[in-house]
Each structure stands twice: as structure tokens, then as C-alpha cells.
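Next comes input-v4.txt, a file with compact mmCIF, C-alpha atoms.
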# COMPACT_ATOMS: atom_id res chain seq x y z
CA MET R 52 17.65 -43.89 -17.93
CA ALA R 53 20.00 -43.52 -15.02
CA ALA R 54 22.29 -45.92 -13.22
CA ILE R 55 23.83 -46.07 -9.80
CA GLU R 56 26.45 -48.31 -8.20
CA SER R 57 25.11 -50.26 -5.25
CA LYS R 58 27.75 -48.81 -2.93
CA ASP R 59 26.48 -45.29 -3.69
CA ILE R 60 22.94 -46.07 -2.57
CA HIS R 61 22.40 -44.65 0.89
CA LYS R 62 18.78 -43.63 0.76
CA LEU R 63 16.10 -45.59 -1.04
CA VAL R 64 12.65 -44.02 -1.27
CA VAL R 65 9.51 -46.03 -1.90
CA ALA R 66 7.10 -43.56 -3.49
CA CYS R 67 3.38 -44.07 -3.27
CA ASP R 68 0.13 -42.40 -4.12
CA ALA R 69 -1.92 -42.59 -0.94
CA GLY R 70 0.52 -44.39 1.35
CA MET R 71 -2.12 -46.89 2.22
CA GLY R 72 -1.36 -49.98 0.26
CA SER R 73 1.34 -52.02 -1.38
CA SER R 74 3.99 -49.30 -1.16
CA VAL R 75 3.71 -49.50 2.64
CA MET R 76 4.07 -53.26 2.46
CA LEU R 77 7.05 -52.99 0.15
CA ALA R 78 8.78 -50.40 2.35
CA THR R 79 8.46 -52.57 5.46
CA GLN R 80 9.83 -55.57 3.58
CA LEU R 81 12.73 -53.67 1.98
CA ARG R 82 13.63 -52.22 5.37
CA LYS R 83 13.86 -55.77 6.73
CA GLN R 84 15.72 -57.20 3.77
CA LEU R 85 18.23 -54.34 3.56
CA LYS R 86 18.78 -53.96 7.29
CA SER R 87 22.30 -55.39 7.16
CA THR R 88 23.32 -53.09 4.30
CA GLY R 89 22.86 -49.77 6.10
CA VAL R 90 20.66 -48.44 3.28
CA ALA R 91 17.92 -46.23 4.71
CA VAL R 92 14.46 -47.00 3.36
CA GLU R 93 11.92 -44.19 3.41
CA HIS R 94 8.33 -44.10 2.33
CA THR R 95 6.86 -40.88 0.92
CA PRO R 96 4.08 -39.67 -1.35
CA VAL R 97 5.27 -39.48 -4.95
CA ASN R 98 5.12 -35.67 -5.05
CA GLU R 99 7.29 -35.43 -1.91
CA ILE R 100 10.26 -37.54 -2.94
CA PRO R 101 13.17 -35.99 -0.99
CA LYS R 102 16.03 -34.32 -2.87
CA ASP R 103 18.64 -36.62 -1.39
CA ALA R 104 17.03 -39.85 -2.57
CA ASP R 105 19.63 -42.04 -4.31
CA LEU R 106 17.08 -44.43 -5.72
CA VAL R 107 13.30 -44.41 -6.06
CA VAL R 108 11.09 -47.50 -6.11
CA CYS R 109 7.45 -47.20 -7.12
CA HIS R 110 4.56 -48.94 -8.80
CA THR R 111 4.68 -48.91 -12.61
CA GLY R 112 1.52 -46.80 -12.63
CA LEU R 113 3.28 -44.01 -10.72
CA ALA R 114 6.50 -44.02 -12.75
CA ALA R 115 5.69 -40.96 -14.86
CA ARG R 116 4.89 -38.87 -11.79
CA ALA R 117 8.01 -40.08 -9.97
CA ARG R 118 10.20 -39.19 -12.96
CA ALA R 119 8.70 -35.71 -13.09
CA VAL R 120 9.35 -35.09 -9.39
CA ALA R 121 12.82 -36.67 -9.27
CA PRO R 122 14.34 -36.34 -12.73
CA GLY R 123 17.65 -38.11 -13.13
CA VAL R 124 17.23 -40.26 -10.04
CA PRO R 125 17.32 -43.97 -10.88
CA LEU R 126 13.85 -45.45 -10.70
CA VAL R 127 12.93 -49.09 -10.18
CA THR R 128 9.31 -49.92 -10.88
CA PHE R 129 7.30 -52.88 -9.65
CA GLN R 130 4.02 -54.31 -10.85
CA ILE R 131 2.93 -56.74 -8.17
CA PHE R 132 4.03 -56.67 -4.58
CA ILE R 133 4.81 -60.36 -4.17
CA GLY R 134 7.80 -61.78 -5.94
CA ASP R 135 8.26 -59.00 -8.48
CA PRO R 136 11.53 -59.84 -10.25
CA ALA R 137 12.52 -56.16 -10.36
CA VAL R 138 12.45 -55.95 -6.57
CA THR R 139 14.20 -59.28 -6.08
CA LYS R 140 16.96 -58.16 -8.45
CA LEU R 141 17.29 -54.80 -6.71
CA VAL R 142 17.71 -56.37 -3.28
CA SER R 143 20.28 -58.83 -4.58
CA THR R 144 22.24 -56.08 -6.36
CA ILE R 145 22.32 -53.88 -3.27
CA LYS R 146 23.43 -56.80 -1.12
CA ASN R 147 25.97 -58.33 -3.49
CA GLY R 148 27.19 -55.24 -5.30
CA GLY R 149 26.71 -54.16 -8.88
CA THR R 150 24.95 -51.54 -10.91
CA VAL R 151 21.27 -50.69 -10.63
CA ASP R 152 20.13 -49.72 -14.11
CA ALA R 153 16.80 -48.05 -13.87
CA MET J 206 -4.92 -41.13 29.65
CA PRO J 207 -6.71 -41.17 26.32
CA ASP J 208 -8.82 -44.19 25.52
CA ALA J 209 -6.86 -46.92 23.81
CA ALA J 210 -7.23 -46.69 20.04
CA PRO J 211 -9.49 -49.41 18.66
CA LEU J 212 -7.65 -52.19 16.89
CA PRO J 213 -7.44 -51.44 13.16
CA LEU J 214 -9.16 -54.79 12.49
CA GLU J 215 -12.26 -55.70 14.45
CA PRO J 216 -13.95 -59.11 14.24
CA ARG J 217 -17.10 -57.45 12.92
CA ALA J 218 -15.08 -56.18 9.95
CA VAL J 219 -14.28 -59.74 8.86
CA VAL J 220 -16.62 -61.52 6.44
CA LEU J 221 -15.57 -64.97 5.31
CA ASP J 222 -18.34 -66.13 3.00
CA ALA J 223 -18.97 -63.28 0.58
CA ARG J 224 -19.81 -63.44 -3.11
CA ALA J 225 -19.20 -60.73 -5.66
CA ALA J 226 -20.36 -60.24 -9.23
CA GLY J 227 -16.99 -58.77 -10.12
CA ARG J 228 -14.10 -56.60 -9.03
CA ASP J 229 -16.08 -53.40 -8.48
CA ASP J 230 -18.77 -55.24 -6.54
CA ALA J 231 -16.09 -56.75 -4.28
CA ILE J 232 -14.56 -53.32 -3.69
CA ARG J 233 -17.97 -51.85 -2.90
CA GLN J 234 -18.55 -54.58 -0.32
CA CYS J 235 -15.22 -53.74 1.33
CA GLY J 236 -16.21 -50.08 1.35
CA GLU J 237 -19.62 -50.82 2.86
CA LEU J 238 -17.92 -52.76 5.64
CA LEU J 239 -15.51 -49.92 6.39
CA LEU J 240 -18.50 -47.60 6.42
CA ALA J 241 -20.40 -49.91 8.79
CA VAL J 242 -17.56 -49.92 11.33
CA GLY J 243 -17.37 -46.14 11.23
CA ALA J 244 -13.94 -45.85 9.56
CA ILE J 245 -15.01 -43.77 6.55
CA THR J 246 -17.73 -41.58 5.13
CA GLU J 247 -19.54 -42.69 2.01
CA PRO J 248 -17.53 -40.77 -0.67
CA TYR J 249 -14.49 -42.88 0.20
CA ILE J 250 -16.06 -45.86 -1.55
CA ALA J 251 -16.08 -44.09 -4.90
CA SER J 252 -12.42 -43.19 -4.40
CA MET J 253 -11.62 -46.89 -3.84
CA LEU J 254 -13.15 -47.66 -7.23
CA GLU J 255 -11.30 -44.73 -8.81
CA ARG J 256 -7.98 -45.85 -7.40
CA GLU J 257 -8.49 -49.41 -8.63
CA ARG J 258 -9.14 -48.16 -12.15
CA SER J 259 -5.84 -46.22 -12.20
CA ILE J 260 -3.61 -48.76 -10.44
CA SER J 261 -4.62 -52.28 -9.48
CA THR J 262 -4.33 -53.15 -5.79
CA TYR J 263 -3.79 -56.82 -6.57
CA VAL J 264 -0.73 -57.84 -4.53
CA GLY J 265 -0.37 -61.51 -5.45
CA GLU J 266 -1.29 -64.83 -3.76
CA GLY J 267 -4.94 -64.26 -4.63
CA VAL J 268 -5.15 -61.16 -2.45
CA ALA J 269 -6.12 -57.57 -3.30
CA ILE J 270 -5.94 -54.62 -0.93
CA PRO J 271 -8.44 -52.04 -2.21
CA HIS J 272 -8.08 -48.55 -0.75
CA GLY J 273 -8.81 -44.95 -1.66
CA THR J 274 -6.77 -42.18 -3.18
CA ALA J 275 -4.57 -39.65 -1.38
CA LYS J 276 -7.27 -37.04 -1.88
CA ALA J 277 -9.88 -39.23 -0.23
CA LYS J 278 -8.05 -39.23 3.10
CA GLN J 279 -10.46 -36.46 4.06
CA ASP J 280 -13.19 -39.10 4.00
CA VAL J 281 -11.34 -41.34 6.46
CA LEU J 282 -12.54 -41.05 10.05
CA ARG J 283 -10.02 -43.46 11.52
CA ASP J 284 -7.43 -45.98 10.36
CA ALA J 285 -9.04 -49.37 9.91
CA VAL J 286 -9.04 -52.41 7.68
CA CYS J 287 -11.61 -55.02 6.80
CA VAL J 288 -11.21 -58.55 5.46
CA VAL J 289 -13.66 -60.03 2.98
CA ARG J 290 -13.21 -63.55 1.70
CA PHE J 291 -14.73 -64.69 -1.58
CA PRO J 292 -14.54 -68.50 -1.55
CA GLU J 293 -15.67 -68.70 -5.18
CA GLY J 294 -13.11 -66.13 -6.25
CA VAL J 295 -13.48 -62.83 -8.06
CA ASP J 296 -12.03 -62.02 -11.47
CA TRP J 297 -9.64 -59.14 -10.88
CA ASP J 298 -8.47 -58.00 -14.30
CA GLY J 299 -7.53 -61.57 -15.15
CA GLU J 300 -6.22 -62.50 -11.70
CA ARG J 301 -8.31 -64.59 -9.33
CA VAL J 302 -8.85 -62.92 -5.99
CA GLY J 303 -10.07 -64.96 -3.04
CA LEU J 304 -9.48 -62.41 -0.30
CA CYS J 305 -9.70 -58.64 -0.06
CA VAL J 306 -8.16 -56.55 2.66
CA GLY J 307 -9.92 -53.19 2.42
CA ILE J 308 -7.94 -50.28 3.84
CA ALA J 309 -8.88 -46.85 5.16
CA ALA J 310 -6.00 -44.81 6.52
CA LYS J 311 -5.02 -41.24 7.08
CA GLY J 312 -2.28 -41.87 9.64
CA ASN J 313 -0.01 -44.80 10.35
CA GLY J 314 -2.49 -46.91 12.29
CA HIS J 315 -2.60 -49.53 9.56
CA VAL J 316 1.15 -49.87 8.93
CA ALA J 317 1.81 -52.66 11.47
CA LEU J 318 -1.09 -54.65 10.06
CA LEU J 319 0.16 -54.20 6.48
CA ALA J 320 3.63 -55.32 7.57
CA ALA J 321 2.03 -58.43 9.10
CA LEU J 322 0.06 -59.00 5.90
CA ALA J 323 3.27 -58.72 3.86
CA ASP J 324 4.90 -61.39 6.04
CA VAL J 325 1.90 -63.68 5.61
CA LEU J 326 1.75 -63.24 1.84
CA LEU J 327 5.45 -63.89 1.38
CA ASP J 328 5.00 -67.27 3.05
CA PRO J 329 2.94 -69.43 0.67
CA ASP J 330 1.65 -71.71 3.46
CA ARG J 331 0.49 -68.84 5.62
CA ALA J 332 -0.96 -67.09 2.58
CA ARG J 333 -3.03 -70.18 1.85
CA ASN J 334 -4.17 -70.39 5.49
CA LEU J 335 -5.35 -66.81 5.33
CA ARG J 336 -7.02 -67.26 1.95
CA GLU J 337 -8.84 -70.37 3.10
CA ALA J 338 -9.70 -69.19 6.61
CA THR J 339 -13.18 -70.16 7.76
CA GLU J 340 -12.83 -68.73 11.29
CA VAL J 341 -12.62 -65.04 12.10
CA GLU J 342 -10.16 -66.02 14.81
CA THR J 343 -7.68 -67.38 12.22
CA VAL J 344 -7.70 -64.08 10.34
CA MET J 345 -7.28 -62.03 13.49
CA LYS J 346 -4.38 -64.21 14.62
CA GLU J 347 -2.53 -63.92 11.31
CA LEU J 348 -2.89 -60.16 10.99
CA LEU J 349 -2.71 -58.74 14.51
File written out as C-alpha cells:
Amino acid sequence: MAAIESKDIHKLVVACDAGMGSSVMLATQLRKQLKSTGVAVEHTPVNEIPKDADLVVCHTGLAARARAVAPGVPLVTFQIFIGDPAVTKLVSTIKNGGTVDA
Amino acid sequence: MPDAAPLPLEPRAVVLDARAAGRDDAIRQCGELLLAVGAITEPYIASMLERERSISTYVGEGVAIPHGTAKAKQDVLRDAVCVVRFPEGVDWDGERVGLCVGIAAKGNGHVALLAALADVLLDPDRARNLREATEVETVMKELL
């Protein structure tokens, strides 16, 4: 488990397997929702998570691979693209301040 | 000037009255459609089934977006999507799916369409319109 203060999140990486599906949808939505916060949202294959990622978001099924590639980086996992409470909470924490425990 | 790239969704890749025996059958039908429009070669279809078994592509609002694995990008000829509607619904690991958006992509040609799909699905009224569409035109308008 790792935690990060919302103010320390500068780069959020949505990690995916093929980059074809819901991770693309999530990245476009997060980019929109976090536009006012200045947090950069990137979208990369799970084995290419960049070293300077402050926070990784990925599907639950990719969590083990994401942890192996980016050990120690807080990881938020989602199950279903629409209305996943983990994503809703993350956006609200980044916008309103607080700690992301992941 | 190169020829304009074909739109990632063509009217002939939209089927609004399909029936499927189950999840895998629905995915196969999406794959066959992508094959018919020249977006993939046949092995891609097996990779769509493989991907679904490892991580579900159900995204909510009765919609699934089956697609292949990273490795199967070699079987993608061009970025394209298809839309297959199952008015009677398909059991998708306990979820009921009424619409599939099948995806084949090796570049970024499908990203704008997926962004549009995300906007539609996050709006329950528009999601219902898409799910219940009986005209190809309606689907094209929502996604392009």
C-alpha cells in the first residue's frame, strides 16, 4: 500500500493492456474532469508505465502487472468504466484535496 | 495528398437486430463484422475471446466493448469499430448486454470514437438512445 497527497499528484497514468478499450475511455474522461487541476493524464501500456508517474490507475485485472512494473507507486484500480466508485472518489480527492490511499 | 482515412465506423459495420447464444457468440459476431469490413485478419477474433476471458470488456449501461489483446495488434489491418445490437440481450457474466462496440486498433484512429462513446455512456438518456437505436443513422450520429 502506498499513499499520496493530492497536491503531490502531477502525473496520473492510466495503464492498459492493449490500449484499445476502457482504459482509453477512462483516460479521455479523466483528462476532461481533471483539466482545471493541472494534473497531466497519460495513457500507456502497463509494461511501459513511466518512471515519473505519481499515480497509476488501471483495471483490477491488470493490478498485479502494474504493481510489478511500478512498485511503490500508488495504484487505484477500477472494475467497470461507468460510475466506478474508486474513480469517482479519486477525482473528488484530487479536486478537493486529501490523501489518495491506494 | 493521401486518400482520406476511412471513418472508423462505417454504416455497413452496424447491425441492429442481432441475436447471440451467449457472450462468446456475440464476440464472434463482432469479430466477423470487423473481418468483413477488412479491419482485421481472422486470428484477431480468437484474441478477442482470449481477452474477454482474462478481463471483461463490459463497461456499464448494458454495453460491452470487445477487442483483442496487445499481441494481436499484428492482426489489425486498420483502426475500425463495429456496432452490434442485441435487442433480446446477451448474458455477459451476469450482466445484461444489449449493445457491443467491437474494436480493432493498432494506432489512435479509434480514440475519438471511444471518447464519444464515453460521453454517451455517462449520460443515461443518450446511453438508452444508443442501446435502443433502430436506425443506423442514430448510431452514426451518436458516435461520430
Exercise. If you count all atoms listed in the file, which residues fall within 12 Å of R:Ile133, apart from same-chain ones fewer than 5 positions away, as a count of residues only?
Worked result: 24
Problem set entry | Residue list for chain J near chain R as a ChimeraX atom specification, 9 Å, all atoms listed in the file | /J:259-266,270-278,308-313,315-317,319-324,326-327
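A straight line drawn from atom CA of J:Gly243 to atom CA of R:Thr95 is 26.9 Å long.
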For this session: Find the spatial neighbours of J:Leu214, counting only C-alpha atoms, within a cut-off of 9 Å - ignore same-chain residues fewer than 2 positions away - and output them as a list in words.
Result: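 Counting only the stated atoms, we get Pro211, Leu212, Pro216, Arg217, Ala218, Val219, Ala285, Val286, Cys287, Val288, His315, Leu318, Met345, Leu348 and Leu349 of chain J.
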For this session: Tell me, as a VMD selection string, which residues lie within 6 Å of R:Ala153, counting only C-alpha atoms; anything in the same chain fewer than 3 positions away does not count.
Result: chain R and resid 52 to 54 125 to 127
Exercise. Hey, can you check how far atom CA of J:Val281 sits from atom CA of R:Asn98?
Worked result: 20.9 Å
Seminar exercise, completed: R:Ser57 proximity check over R:Val120, R:Asp105, R:Val92, R:Ser87, using all atoms listed in the file: winner is R:Asp105
Exercise. What separation in Å, quoted to one decimal, exists between atom CA of R:Phe129 and atom CA of J:Phe291?
Worked result: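 Computed distance, atom CA of R:Phe129 to atom CA of J:Phe291, equals 26.3 Å.
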Problem set entry | Non-local contacts of J:Asp298 (9 Å; all atoms listed in the file; under 2 positions in same chain excluded) as a VMD selection string | chain J and resid 228 261 296 300 to 301
Exercise. Pick the closest to R:Cys109 from R:Ile55, R:Leu63, R:Val90, R:Val151: which is it, counting all atoms listed in the file?
Worked result: R:Leu63
Quick one: axis-aligned box around all listed atoms of stretch 89-92 of chain R, 3 Å on every side, centre and edge lengths in Å to one decimal, written as JSON.
{"center_x": 18.7, "center_y": -48.0, "center_z": 4.7, "size_x": 14.4, "size_y": 9.5, "size_z": 8.8}
Taking the structure in the block just given, could you write stretch 54-69 of chain R with all heavy atoms, as a PDB file, in the first residue's frame?
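Once written, selection.pdb looks like this:
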ATOM      1  N   ALA R  54       0.514   5.785  -0.350  1.00  0.00           N
ATOM      2  CA  ALA R  54      -0.429   6.895  -0.290  1.00  0.00           C
ATOM      3  C   ALA R  54       0.240   8.139  -0.843  1.00  0.00           C
ATOM      4  O   ALA R  54       1.461   8.261  -0.828  1.00  0.00           O
ATOM      5  CB  ALA R  54      -0.867   7.129   1.154  1.00  0.00           C
ATOM      6  N   ILE R  55      -0.561   9.034  -1.356  1.00  0.00           N
ATOM      7  CA  ILE R  55      -0.009  10.278  -1.876  1.00  0.00           C
ATOM      8  C   ILE R  55      -1.002  11.411  -1.617  1.00  0.00           C
ATOM      9  O   ILE R  55      -2.219  11.206  -1.680  1.00  0.00           O
ATOM     10  CB  ILE R  55       0.337  10.155  -3.392  1.00  0.00           C
ATOM     11  CG1 ILE R  55       1.089  11.388  -3.877  1.00  0.00           C
ATOM     12  CG2 ILE R  55      -0.917   9.901  -4.229  1.00  0.00           C
ATOM     13  CD1 ILE R  55       1.742  11.218  -5.235  1.00  0.00           C
ATOM     14  N   GLU R  56      -0.469  12.575  -1.260  1.00  0.00           N
ATOM     15  CA  GLU R  56      -1.324  13.741  -1.058  1.00  0.00           C
ATOM     16  C   GLU R  56      -1.745  14.273  -2.422  1.00  0.00           C
ATOM     17  O   GLU R  56      -0.947  14.275  -3.363  1.00  0.00           O
ATOM     18  CB  GLU R  56      -0.551  14.827  -0.282  1.00  0.00           C
ATOM     19  CG  GLU R  56      -0.320  14.499   1.179  1.00  0.00           C
ATOM     20  CD  GLU R  56      -1.630  14.256   1.945  1.00  0.00           C
ATOM     21  OE1 GLU R  56      -2.559  15.090   1.808  1.00  0.00           O
ATOM     22  OE2 GLU R  56      -1.725  13.244   2.655  1.00  0.00           O
ATOM     23  N   SER R  57      -2.973  14.740  -2.506  1.00  0.00           N
ATOM     24  CA  SER R  57      -3.487  15.177  -3.809  1.00  0.00           C
ATOM     25  C   SER R  57      -2.611  16.269  -4.427  1.00  0.00           C
ATOM     26  O   SER R  57      -2.410  16.302  -5.635  1.00  0.00           O
ATOM     27  CB  SER R  57      -4.924  15.656  -3.671  1.00  0.00           C
ATOM     28  OG  SER R  57      -4.990  16.736  -2.767  1.00  0.00           O
ATOM     29  N   LYS R  58      -2.045  17.140  -3.585  1.00  0.00           N
ATOM     30  CA  LYS R  58      -1.246  18.238  -4.138  1.00  0.00           C
ATOM     31  C   LYS R  58       0.068  17.742  -4.759  1.00  0.00           C
ATOM     32  O   LYS R  58       0.713  18.464  -5.519  1.00  0.00           O
ATOM     33  CB  LYS R  58      -0.968  19.298  -3.057  1.00  0.00           C
ATOM     34  CG  LYS R  58      -0.119  18.765  -1.899  1.00  0.00           C
ATOM     35  CD  LYS R  58       0.234  19.879  -0.922  1.00  0.00           C
ATOM     36  CE  LYS R  58       0.891  19.376   0.350  1.00  0.00           C
ATOM     37  NZ  LYS R  58       1.985  18.410   0.204  1.00  0.00           N
ATOM     38  N   ASP R  59       0.467  16.525  -4.402  1.00  0.00           N
ATOM     39  CA  ASP R  59       1.717  15.978  -4.948  1.00  0.00           C
ATOM     40  C   ASP R  59       1.500  15.181  -6.235  1.00  0.00           C
ATOM     41  O   ASP R  59       2.443  14.620  -6.792  1.00  0.00           O
ATOM     42  CB  ASP R  59       2.393  15.081  -3.908  1.00  0.00           C
ATOM     43  CG  ASP R  59       2.790  15.878  -2.668  1.00  0.00           C
ATOM     44  OD1 ASP R  59       3.180  17.051  -2.845  1.00  0.00           O
ATOM     45  OD2 ASP R  59       2.689  15.342  -1.553  1.00  0.00           O
ATOM     46  N   ILE R  60       0.258  15.106  -6.669  1.00  0.00           N
ATOM     47  CA  ILE R  60      -0.025  14.365  -7.909  1.00  0.00           C
ATOM     48  C   ILE R  60       0.097  15.312  -9.104  1.00  0.00           C
ATOM     49  O   ILE R  60      -0.673  16.255  -9.257  1.00  0.00           O
ATOM     50  CB  ILE R  60      -1.450  13.756  -7.890  1.00  0.00           C
ATOM     51  CG1 ILE R  60      -1.597  12.821  -6.688  1.00  0.00           C
ATOM     52  CG2 ILE R  60      -1.728  12.998  -9.195  1.00  0.00           C
ATOM     53  CD1 ILE R  60      -3.001  12.289  -6.480  1.00  0.00           C
ATOM     54  N   HIS R  61       1.110  15.062  -9.905  1.00  0.00           N
ATOM     55  CA  HIS R  61       1.299  15.886 -11.103  1.00  0.00           C
ATOM     56  C   HIS R  61       1.041  15.067 -12.357  1.00  0.00           C
ATOM     57  O   HIS R  61       0.567  15.581 -13.349  1.00  0.00           O
ATOM     58  CB  HIS R  61       2.709  16.467 -11.132  1.00  0.00           C
ATOM     59  CG  HIS R  61       3.032  17.258  -9.910  1.00  0.00           C
ATOM     60  ND1 HIS R  61       2.424  18.461  -9.636  1.00  0.00           N
ATOM     61  CD2 HIS R  61       3.852  17.000  -8.851  1.00  0.00           C
ATOM     62  CE1 HIS R  61       2.858  18.926  -8.470  1.00  0.00           C
ATOM     63  NE2 HIS R  61       3.727  18.055  -7.971  1.00  0.00           N
ATOM     64  N   LYS R  62       1.419  13.806 -12.290  1.00  0.00           N
ATOM     65  CA  LYS R  62       1.212  12.963 -13.466  1.00  0.00           C
ATOM     66  C   LYS R  62       0.471  11.688 -13.096  1.00  0.00           C
ATOM     67  O   LYS R  62       0.933  10.894 -12.270  1.00  0.00           O
ATOM     68  CB  LYS R  62       2.554  12.605 -14.112  1.00  0.00           C
ATOM     69  CG  LYS R  62       2.363  11.822 -15.421  1.00  0.00           C
ATOM     70  CD  LYS R  62       3.666  11.291 -15.968  1.00  0.00           C
ATOM     71  CE  LYS R  62       4.345  12.305 -16.867  1.00  0.00           C
ATOM     72  NZ  LYS R  62       5.435  11.680 -17.644  1.00  0.00           N
ATOM     73  N   LEU R  63      -0.694  11.517 -13.703  1.00  0.00           N
ATOM     74  CA  LEU R  63      -1.513  10.338 -13.469  1.00  0.00           C
ATOM     75  C   LEU R  63      -1.444   9.487 -14.741  1.00  0.00           C
ATOM     76  O   LEU R  63      -1.625   9.990 -15.840  1.00  0.00           O
ATOM     77  CB  LEU R  63      -2.946  10.804 -13.191  1.00  0.00           C
ATOM     78  CG  LEU R  63      -4.038   9.806 -12.844  1.00  0.00           C
ATOM     79  CD1 LEU R  63      -5.191  10.544 -12.183  1.00  0.00           C
ATOM     80  CD2 LEU R  63      -4.552   9.058 -14.041  1.00  0.00           C
ATOM     81  N   VAL R  64      -1.140   8.214 -14.580  1.00  0.00           N
ATOM     82  CA  VAL R  64      -1.029   7.331 -15.743  1.00  0.00           C
ATOM     83  C   VAL R  64      -2.129   6.272 -15.718  1.00  0.00           C
ATOM     84  O   VAL R  64      -2.280   5.552 -14.725  1.00  0.00           O
ATOM     85  CB  VAL R  64       0.356   6.651 -15.775  1.00  0.00           C
ATOM     86  CG1 VAL R  64       0.403   5.585 -16.873  1.00  0.00           C
ATOM     87  CG2 VAL R  64       1.448   7.690 -16.022  1.00  0.00           C
ATOM     88  N   VAL R  65      -2.909   6.235 -16.777  1.00  0.00           N
ATOM     89  CA  VAL R  65      -3.885   5.162 -16.921  1.00  0.00           C
ATOM     90  C   VAL R  65      -3.178   4.038 -17.680  1.00  0.00           C
ATOM     91  O   VAL R  65      -2.759   4.213 -18.822  1.00  0.00           O
ATOM     92  CB  VAL R  65      -5.139   5.619 -17.698  1.00  0.00           C
ATOM     93  CG1 VAL R  65      -6.135   4.471 -17.804  1.00  0.00           C
ATOM     94  CG2 VAL R  65      -5.779   6.819 -17.018  1.00  0.00           C
ATOM     95  N   ALA R  66      -3.003   2.905 -17.024  1.00  0.00           N
ATOM     96  CA  ALA R  66      -2.285   1.789 -17.650  1.00  0.00           C
ATOM     97  C   ALA R  66      -3.285   0.826 -18.253  1.00  0.00           C
ATOM     98  O   ALA R  66      -4.363   0.595 -17.710  1.00  0.00           O
ATOM     99  CB  ALA R  66      -1.442   1.065 -16.608  1.00  0.00           C
ATOM    100  N   CYS R  67      -2.919   0.277 -19.409  1.00  0.00           N
ATOM    101  CA  CYS R  67      -3.850  -0.606 -20.087  1.00  0.00           C
ATOM    102  C   CYS R  67      -3.103  -1.812 -20.626  1.00  0.00           C
ATOM    103  O   CYS R  67      -1.884  -1.861 -20.612  1.00  0.00           O
ATOM    104  CB  CYS R  67      -4.489   0.135 -21.244  1.00  0.00           C
ATOM    105  SG  CYS R  67      -3.257   0.637 -22.439  1.00  0.00           S
ATOM    106  N   ASP R  68      -3.850  -2.752 -21.136  1.00  0.00           N
ATOM    107  CA  ASP R  68      -3.228  -3.902 -21.779  1.00  0.00           C
ATOM    108  C   ASP R  68      -2.980  -3.590 -23.239  1.00  0.00           C
ATOM    109  O   ASP R  68      -1.853  -3.436 -23.684  1.00  0.00           O
ATOM    110  CB  ASP R  68      -4.131  -5.131 -21.633  1.00  0.00           C
ATOM    111  CG  ASP R  68      -3.588  -6.309 -22.418  1.00  0.00           C
ATOM    112  OD1 ASP R  68      -2.365  -6.510 -22.408  1.00  0.00           O
ATOM    113  OD2 ASP R  68      -4.385  -7.011 -23.057  1.00  0.00           O
ATOM    114  N   ALA R  69      -4.050  -3.437 -24.003  1.00  0.00           N
ATOM    115  CA  ALA R  69      -3.904  -3.247 -25.447  1.00  0.00           C
ATOM    116  C   ALA R  69      -4.073  -1.788 -25.868  1.00  0.00           C
ATOM    117  O   ALA R  69      -3.727  -1.420 -26.979  1.00  0.00           O
ATOM    118  CB  ALA R  69      -4.906  -4.122 -26.180  1.00  0.00           C
TER     119      ALA R  69
END
